[in-house]
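In what follows, a structure is listed as C-alpha cells, so that the remarks can point back to it.
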Amino acid sequence: MNEQIRVPITLMRGGTSKAVFLAQRDVPEDPEMRQRFLLALFGSPDVRQIDGLGGADILTSKCAIIGPPSRPDADIDYTFAQIGIDQPTVNFEIICGNISSATGVYALQESLIPVQEPITTVRVHNTNTGKILRMTVNCADGEPRVEGDCEIDGVPGSGAEVALDYSDTSGGATGRLLPTGRPIDQVYVPQLDREIPVSIVDVGTVCVFMRAADLGVTATELPGQLSPEIYEAAEQVRLSAAQRCGLVTTITPYQVLIGPPQGYRTVAGDRVVHASELDLVARMVLKDGVMHKAFPVGGSVCLSVAAQIAGTIPAEARASHLGPARIRIGHPSGALSIYAHVEHSANDGWTVREVHFTRTARRLMDGTAYVRRRLLEGA
C-alpha cells in the first residue's frame, strides 16, 4: 500500500503572509477528514511543524482553498484556513486580507478566468464570510505582473500593485457593522478587576478595540515585550466581546490594542516610524501570547472604518472621525495605509461606502506535497 498521498500545491505570498494554495477538488469535503488532511499537510501540532509545510509562524501557517464560483456574481470561491501550530486546530473564522490579495493572481495564473491587459478585475467569493471581494491585478504579456513600484512595510523590495476593494464586507460575522449597536461598550476584565471601554466593529474581520493605556501599555510594544498578564486581559476582553456578539469563536474578534500616534523602532530594527507618519498605532495580540509581527489586513480594514465612526476608541486615538480619508496605521513592521469612506445616516447608523487598500503578491513555487496516509485515517 502506498503510505503517502500526493497533493498538488502552490505556495503564494500575499502581502506580509504566505499560504499553501490548494484546488478545492484536492481537499476532502468531509469536515473531519478535511481537518486531518490540513493538519497532516502542515505538520501540526508541532511547534516547528517540521514534518509538514507550515512555517512555525502565524503568518505562514495559512491555507487558501480555491474553487469554481458558487454564486453568479463571483469568478472564484476562496476559503481561508488558519492552521494551528502547536495545537491541532484548523480555523475558518476569518478572511485573511493579506492572503486574499494573492487569490486573484492565482486565479489568473491557473487560467480560472481570462487575463485582460493592462488590468484584470477579479471577483472573489470568500466562503468564510459570504462576502464578495473585488481586486484589480496588473497584467502584461498574458499574465499577472510581478515587478512594480508598490512597497509594503514588512515585505522586502517592491512589486506590482494588487488593489483590493473590501467595501462589501460589513457584518460578515455578526450581520451588523456595530454588532452591539453602540460605538463603546464597557466590559469587566477579571485580570484588571475593573471595567474598561471597548469598541466592537465588524467589517473585513470582526474586531474588539481597546485603549492600550487601559492595560498599562502604549501599543508601541514589539513581539516579546508584553507580559503574560496583558495577553490574558486581552483574551478576557475578546471572550466578553464574542459573547455580546453571539459568536462561538476561537480567534475572533481580533483583540487590538490602540494608542495615539507615537514614534517607535520596527521589529526588524532597521527603521524608526515617526508619529507624524501615523494616525494611530495598533497591535494585534492573540490568546496564546503571540503578537502579529505586522498587522492583519482584515483587521486593518476594520480599524480604518472604526477610525471614522464617532465615539469609537480608534476615532478617539485618531483625534477625529471625519472622512473619507486614508488611515495610517502604525504596526510592528512599519505603517499600513487604508482608504475608508464611512457615512453617518439620519437614524444614527453608519454605512461603509468604500474601503480600499493595496498589496503585492506573487507565486513562490509549484510542487507536490506528500501527506502521510495514516494521519488521514486518524492513527
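By convention in this document, the chains of the C-alpha cells carry letters A, B, ... by their order, each chain's residues are numbered from 1, and ligands are numbered from 1 in the order they are shown.
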
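Using only C-alpha atoms, the protein and nucleic acid residues lying no more than 8 Å from Ala56 in chain A, apart from those fewer than 6 places from it along its own chain, are Val47, Arg48, Gln49 and Ile85 of chain A.
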
Using 6 Å as the limit and counting only C-alpha atoms, can you tabulate each residue of range 90-127 of chain A that touches range 66-84 of chain A, with its shortest atom-to-atom distance in Å and the two atoms involved, as CSV?
residue,atom,partner,partner_atom,distance
A:Val90,CA,A:Ile83,CA,4.7
A:Asn91,CA,A:Gln82,CA,5.0
A:Phe92,CA,A:Ala81,CA,5.0
A:Arg123,CA,A:Ala74,CA,4.9
A:Val124,CA,A:Ile76,CA,5.3
A:His125,CA,A:Asp77,CA,4.8
A:Asn126,CA,A:Tyr78,CA,4.9
A:Thr127,CA,A:Thr79,CA,5.3

Next, the residues of the selection above should be written as a short mmCIF file (atom, residue, chain, number, x, y, z; two decimals), in the first residue's frame with N, CA and C atoms.
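Saved as result.cif:
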data_model
loop_
_atom_site.label_atom_id
_atom_site.label_comp_id
_atom_site.auth_asym_id
_atom_site.auth_seq_id
_atom_site.Cartn_x
_atom_site.Cartn_y
_atom_site.Cartn_z
N VAL A 90 -7.85 23.89 13.10
CA VAL A 90 -8.00 24.48 11.77
C VAL A 90 -9.16 25.46 11.88
N ASN A 91 -8.87 26.74 11.67
CA ASN A 91 -9.84 27.77 11.92
C ASN A 91 -10.30 28.42 10.62
N PHE A 92 -11.62 28.53 10.45
CA PHE A 92 -12.21 29.10 9.23
C PHE A 92 -12.97 30.39 9.53
N ARG A 123 -13.45 38.97 -9.16
CA ARG A 123 -14.46 38.97 -8.11
C ARG A 123 -14.34 37.67 -7.32
N VAL A 124 -13.99 37.81 -6.05
CA VAL A 124 -13.69 36.65 -5.22
C VAL A 124 -14.77 36.47 -4.17
N HIS A 125 -15.41 35.32 -4.17
CA HIS A 125 -16.40 35.00 -3.14
C HIS A 125 -15.67 34.34 -1.98
N ASN A 126 -15.59 35.06 -0.86
CA ASN A 126 -14.97 34.48 0.34
C ASN A 126 -16.03 33.68 1.09
N THR A 127 -15.85 32.36 1.11
CA THR A 127 -16.87 31.50 1.72
C THR A 127 -16.88 31.60 3.23
#

**Message:** Can you tell me which residues surround His292 in chain A at a distance of at most 12 Å, considering only C-alpha atoms, apart from same-chain residues fewer than 2 positions away, and format the answer as a PyMOL selection string?
**Reply:** chain A and resi 16-17+57-60+154+221-224+254-257+267+282-290+294-297+299+331-333

How would the residues just chosen look if you wrote them out with C-alpha atoms as a PDB file, in the first residue's frame?
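Printed below is out10.pdb as written:
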ATOM      1  CA  THR A  16       3.055  40.068   4.640  1.00  0.00           C
ATOM      2  CA  SER A  17       1.866  36.437   4.730  1.00  0.00           C
ATOM      3  CA  ASP A  57       4.578  31.206  12.478  1.00  0.00           C
ATOM      4  CA  ILE A  58       1.027  32.548  12.381  1.00  0.00           C
ATOM      5  CA  LEU A  59       1.918  34.497   9.204  1.00  0.00           C
ATOM      6  CA  THR A  60       2.936  31.345   7.321  1.00  0.00           C
ATOM      7  CA  GLY A 154       7.161  44.067   6.252  1.00  0.00           C
ATOM      8  CA  GLU A 221       5.492  47.391  22.073  1.00  0.00           C
ATOM      9  CA  LEU A 222       7.001  44.745  19.813  1.00  0.00           C
ATOM     10  CA  PRO A 223       6.626  40.943  19.834  1.00  0.00           C
ATOM     11  CA  GLY A 224       8.023  39.534  23.062  1.00  0.00           C
ATOM     12  CA  TYR A 254      -9.407  40.117  16.874  1.00  0.00           C
ATOM     13  CA  GLN A 255      -8.205  41.857  20.027  1.00  0.00           C
ATOM     14  CA  VAL A 256      -6.401  45.067  19.103  1.00  0.00           C
ATOM     15  CA  LEU A 257      -4.550  47.480  21.384  1.00  0.00           C
ATOM     16  CA  VAL A 267      10.599  44.809  14.852  1.00  0.00           C
ATOM     17  CA  ALA A 282      -2.142  49.365  16.841  1.00  0.00           C
ATOM     18  CA  ARG A 283      -1.035  45.925  17.990  1.00  0.00           C
ATOM     19  CA  MET A 284      -2.960  42.720  17.390  1.00  0.00           C
ATOM     20  CA  VAL A 285      -2.443  40.152  20.138  1.00  0.00           C
ATOM     21  CA  LEU A 286      -3.552  36.522  20.380  1.00  0.00           C
ATOM     22  CA  LYS A 287      -4.626  34.465  23.357  1.00  0.00           C
ATOM     23  CA  ASP A 288      -1.516  32.267  23.301  1.00  0.00           C
ATOM     24  CA  GLY A 289       0.889  35.143  23.980  1.00  0.00           C
ATOM     25  CA  VAL A 290       1.663  35.990  20.356  1.00  0.00           C
ATOM     26  CA  ALA A 294       2.786  43.299  11.156  1.00  0.00           C
ATOM     27  CA  PHE A 295      -0.990  43.790  11.093  1.00  0.00           C
ATOM     28  CA  PRO A 296      -3.754  41.633   9.577  1.00  0.00           C
ATOM     29  CA  VAL A 297      -5.342  43.301   6.562  1.00  0.00           C
ATOM     30  CA  GLY A 299      -8.204  43.836  10.917  1.00  0.00           C
ATOM     31  CA  HIS A 331       2.265  48.345  13.381  1.00  0.00           C
ATOM     32  CA  PRO A 332       5.383  46.389  14.458  1.00  0.00           C
ATOM     33  CA  SER A 333       6.815  46.247  10.915  1.00  0.00           C
TER      34      SER A 333
END

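We find CA of Phe37 in chain A and CA of Ile50 in chain A to be spaced 16.0 Å apart.
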
**Message:** I need the residues in range 131-360 of chain A that are strand (DSSP E) according to DSSP; give them as a count of residues only.
**Reply:** 86

**Message:** Give me the residues near Arg211 in chain A as an MDAnalysis selection string, where near means some atom within 10 Å (using only C-alpha atoms) and where sequence neighbours in that chain fewer than 2 positions away do not count.
**Reply:** chainID A and resid 196:199 209 213:219 256:260 282 313:314 316:317
